[in-house]
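Single-structure report; data block below.
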Amino acid sequence: MRHGIVLTTTDPLATADLAAAAEAAGWDGVFTYDAIAIGDMPGFDPWIVLAAAAMRTERVVLGAMVFAPSRRRPWKLARELATLDRLSGGRAVFPVGLGALDDAGFGAVGEATDARGRAQRLDETLAIVAGLASGEPFGYAGEHYRIDPAITLRPTPIQRPRVPVWVVGAWPHERSMRRAARWDGIVVQAEADAATGTPRDLEAIAAWLRDERARAGIGGPFDIVLGGSTPADPAAAHERLAPAETAGATWWIEQDWEDTSIERLRARIYAGPPRGPGA
């Protein structure tokens with residue numbers, strides 16, 4: 001299992017320093033968040049935050065938990081994603097979901113708020129981002145977006161055939177799960193075990209995903225991504241997460257949305273990822 005951490009700090013100037021500290025402490029991924037206006041929570045542009053992190057790191061995977069593509073123009077999003085992948089030397093990942101409706105960056109500004117409309121836009125956006133990553137002329141005609149005539153975006157992302165896409169999948173809803181199964185990973189949403197904070201049905205989720213991908217003829221690696229908060233003691237944290245790793249989880253993303261102070265975040269970073277003894 002690999003381990004990432006969400007930089008929930010309310011100080012964007014500290015982000016690059018914290019990203020460098022996370023890399024030095026052995027974390028495998030550094031993530032930000034994508035919000036316009038959620039209550040009085042500070043929000044910052046995720047692409048600028050990730051660019052700052054890319055310039056101070058060499059190894060960690062970079063992304064946001066999670067991007068909300070339905071309120072962005074897909075062709076601009078494709079350019080931003082390719083730029084981050086180039087800037088980081090091929091370390092970008094693209095976790096996506098429908099977006100949180102308590103963010104005023106949806107209803108208050110006239111963006112789609114119904115789940116069906118956001119899901120349609122998400123599907124079309126992913127198709128466009130993947131198509132434009134080819135570096136070849138690409139056109140598209142969908143219900144919400146259109147590229148006519150075909151356009152070409154170069155340079156392409158470093159990663160081929162594109163930056164990996166992780167999609168939020170809500171178990172056991174088949175439509176949501178099938179969307180995730182078509183791409184490169186799933187950010188699992190499911191009923192959690194009270195003791196561990198990880199999904200109760202993770203073995204069943206992993207088996208369902210294997211069967212679905214096999215049925216659809218989709219090969220290649222596939223990530224199962226979980227997230228939450230663990231104890232600062234790495235051994236205790238690892239003990240909590242060990243069953244999830246055994247069940248098939250490939251990433252744990254540490255995230256504390258309650259205490260976003262730099263002191264708390266720095267302490268969690270320095271404590272290190274929740275690996276077992278000697279790992």
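A note on labels: chains of the structure tokens are A, B, ... as shown, every chain counts residues from 1, and ligands are counted from 1 in their shown order.
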All strand (DSSP E or B) positions in range 47-134 of chain A, as a PDB file with N, CA and C atoms, in the first residue's frame:
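What landed in selection_18.pdb:
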ATOM      1  N   VAL A  61       3.724  11.546  -5.828  1.00  0.00           N
ATOM      2  CA  VAL A  61       2.590  11.734  -6.723  1.00  0.00           C
ATOM      3  C   VAL A  61       1.828  12.985  -6.279  1.00  0.00           C
ATOM      4  N   LEU A  62       1.258  13.716  -7.255  1.00  0.00           N
ATOM      5  CA  LEU A  62       0.577  14.977  -6.960  1.00  0.00           C
ATOM      6  C   LEU A  62      -0.842  14.972  -7.532  1.00  0.00           C
ATOM      7  N   GLY A  63      -1.808  15.423  -6.711  1.00  0.00           N
ATOM      8  CA  GLY A  63      -3.185  15.505  -7.175  1.00  0.00           C
ATOM      9  C   GLY A  63      -4.038  16.264  -6.183  1.00  0.00           C
ATOM     10  N   ALA A  64      -5.356  16.164  -6.337  1.00  0.00           N
ATOM     11  CA  ALA A  64      -6.303  16.789  -5.408  1.00  0.00           C
ATOM     12  C   ALA A  64      -7.350  15.759  -5.023  1.00  0.00           C
ATOM     13  N   PHE A  67     -10.857  16.500  -7.560  1.00  0.00           N
ATOM     14  CA  PHE A  67     -11.256  17.526  -8.518  1.00  0.00           C
ATOM     15  C   PHE A  67     -12.740  17.379  -8.861  1.00  0.00           C
ATOM     16  N   ALA A  92       1.725  13.383 -11.955  1.00  0.00           N
ATOM     17  CA  ALA A  92       0.350  13.805 -11.688  1.00  0.00           C
ATOM     18  C   ALA A  92      -0.591  12.601 -11.650  1.00  0.00           C
ATOM     19  N   PHE A  94      -5.126  12.128 -11.366  1.00  0.00           N
ATOM     20  CA  PHE A  94      -6.333  12.929 -11.571  1.00  0.00           C
ATOM     21  C   PHE A  94      -7.528  12.279 -10.862  1.00  0.00           C
ATOM     22  N   PRO A  95      -7.663  12.457  -9.528  1.00  0.00           N
ATOM     23  CA  PRO A  95      -8.849  11.953  -8.829  1.00  0.00           C
ATOM     24  C   PRO A  95     -10.042  12.876  -9.091  1.00  0.00           C
ATOM     25  N   VAL A  96     -11.197  12.292  -9.419  1.00  0.00           N
ATOM     26  CA  VAL A  96     -12.353  13.107  -9.788  1.00  0.00           C
ATOM     27  C   VAL A  96     -13.627  12.583  -9.145  1.00  0.00           C
TER      28      VAL A  96
END
(request) Within 10 Å of Phe106 in chain A, counting only C-alpha atoms, which residues show up once you throw out same-chain ones fewer than 3 positions away? Write them as a ChimeraX atom specification, please. (result) /A:36-37,68,70-71,99-103,109-113
(message) I need the residue nearest Ala130 in chain A from this list: A:Val163, A:Ala267, A:Val188, A:Val225. Use only C-alpha atoms for the distance.
(response)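 Checking each candidate against Ala130 in chain A, we get A:Val163 as the closest.
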(message) List as a list of chain:residue names the protein and nucleic acid residues near Met41 in chain A, meaning an atom at most 12 Å away when only C-alpha atoms are counted, but skip any in the same chain fewer than 3 places from it.
(response)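 So the residues in contact are A:Thr8, A:Thr9, A:Thr10, A:Asp11, A:Tyr33, A:Asp34, A:Ala35, A:Ile36, A:Ala37, A:Ile38, A:Phe44, A:Asp102, A:Asp103, A:Ala104, A:Trp257, A:Glu258, A:Asp259, A:Thr260.
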(request) Could you check which of A:Gly219, A:Pro157, A:Gly227, A:Gly105 is closest to Gly135 in chain A, using only C-alpha atoms? (result) A:Pro157
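One distance worth recording is that between CA of Gly29 in chain A and CA of Thr83 in chain A, which is 18.1 Å.
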(message) Residues near Ile147 in chain A, anyone? I mean within 10 Å using only C-alpha atoms, not counting same-chain ones fewer than 3 positions away, as JSON, numbers by chain.
(response) {"A": [75, 128, 138, 139, 140, 141, 142, 150, 151]}
(message) What does the structure give for the distance between CA of Glu191 in chain A and CA of Ala216 in chain A, in Å to one decimal?
(response)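 Answer for the CA of Glu191 in chain A to CA of Ala216 in chain A separation: 26.4 Å.
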(request) Between A:Asp40, A:Ala52, A:Pro46, A:Gly131, single out the one closest to Asp17 in chain A, counting only C-alpha atoms. (result)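 Of all the options, A:Ala52 lies closest to Asp17 in chain A.
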(message) My list of candidates is A:Ala78, A:Pro42, A:Leu241, A:Asp211. Which is closest to Asp193 in chain A when distances are computed with only C-alpha atoms?
(response) A:Leu241
(request) Return the single residue from A:Pro74, A:Pro199, A:Asp114, A:Ala181 that is closest to Gly217 in chain A, with distances computed using only C-alpha atoms. (result) A:Ala181
(request) Work out how far CA of Val168 in chain A is from CA of Ala237 in chain A, in Å to one decimal. (result) 23.7 Å
Which polymer residues have any atom within 12 Å of an atom of Ala242 in chain A, counting only C-alpha atoms, with same-chain residues fewer than 6 positions away left out, as a CSV table (one decimal) with C-alpha atoms, in the first residue's frame?
chain,number,residue,atom,x,y,z
A,1,MET,CA,0.0,0.0,0.0
A,196,THR,CA,-10.8,1.2,11.5
A,198,THR,CA,-12.1,1.7,6.3
A,234,PRO,CA,2.9,4.7,12.4
A,235,ALA,CA,2.8,1.2,14.0
A,236,ALA,CA,-0.7,1.8,15.4
A,248,GLY,CA,-6.8,-5.1,-1.9
A,249,ALA,CA,-6.4,-1.4,-1.1
A,250,THR,CA,-3.4,0.1,-2.9
A,251,TRP,CA,-3.5,3.7,-1.5
A,252,TRP,CA,-4.3,5.3,1.8
A,274,PRO,CA,1.3,4.4,8.4
A,275,ARG,CA,3.7,1.7,7.4
A,276,GLY,CA,4.5,-1.4,9.4
(request) Per DSSP on the backbone, filter range 112-276 of chain A down to the residues in alpha helix (DSSP H) and report them as a PyMOL selection string. (result) chain A and resi 115-132+174-181+202-215+234-247+262-271
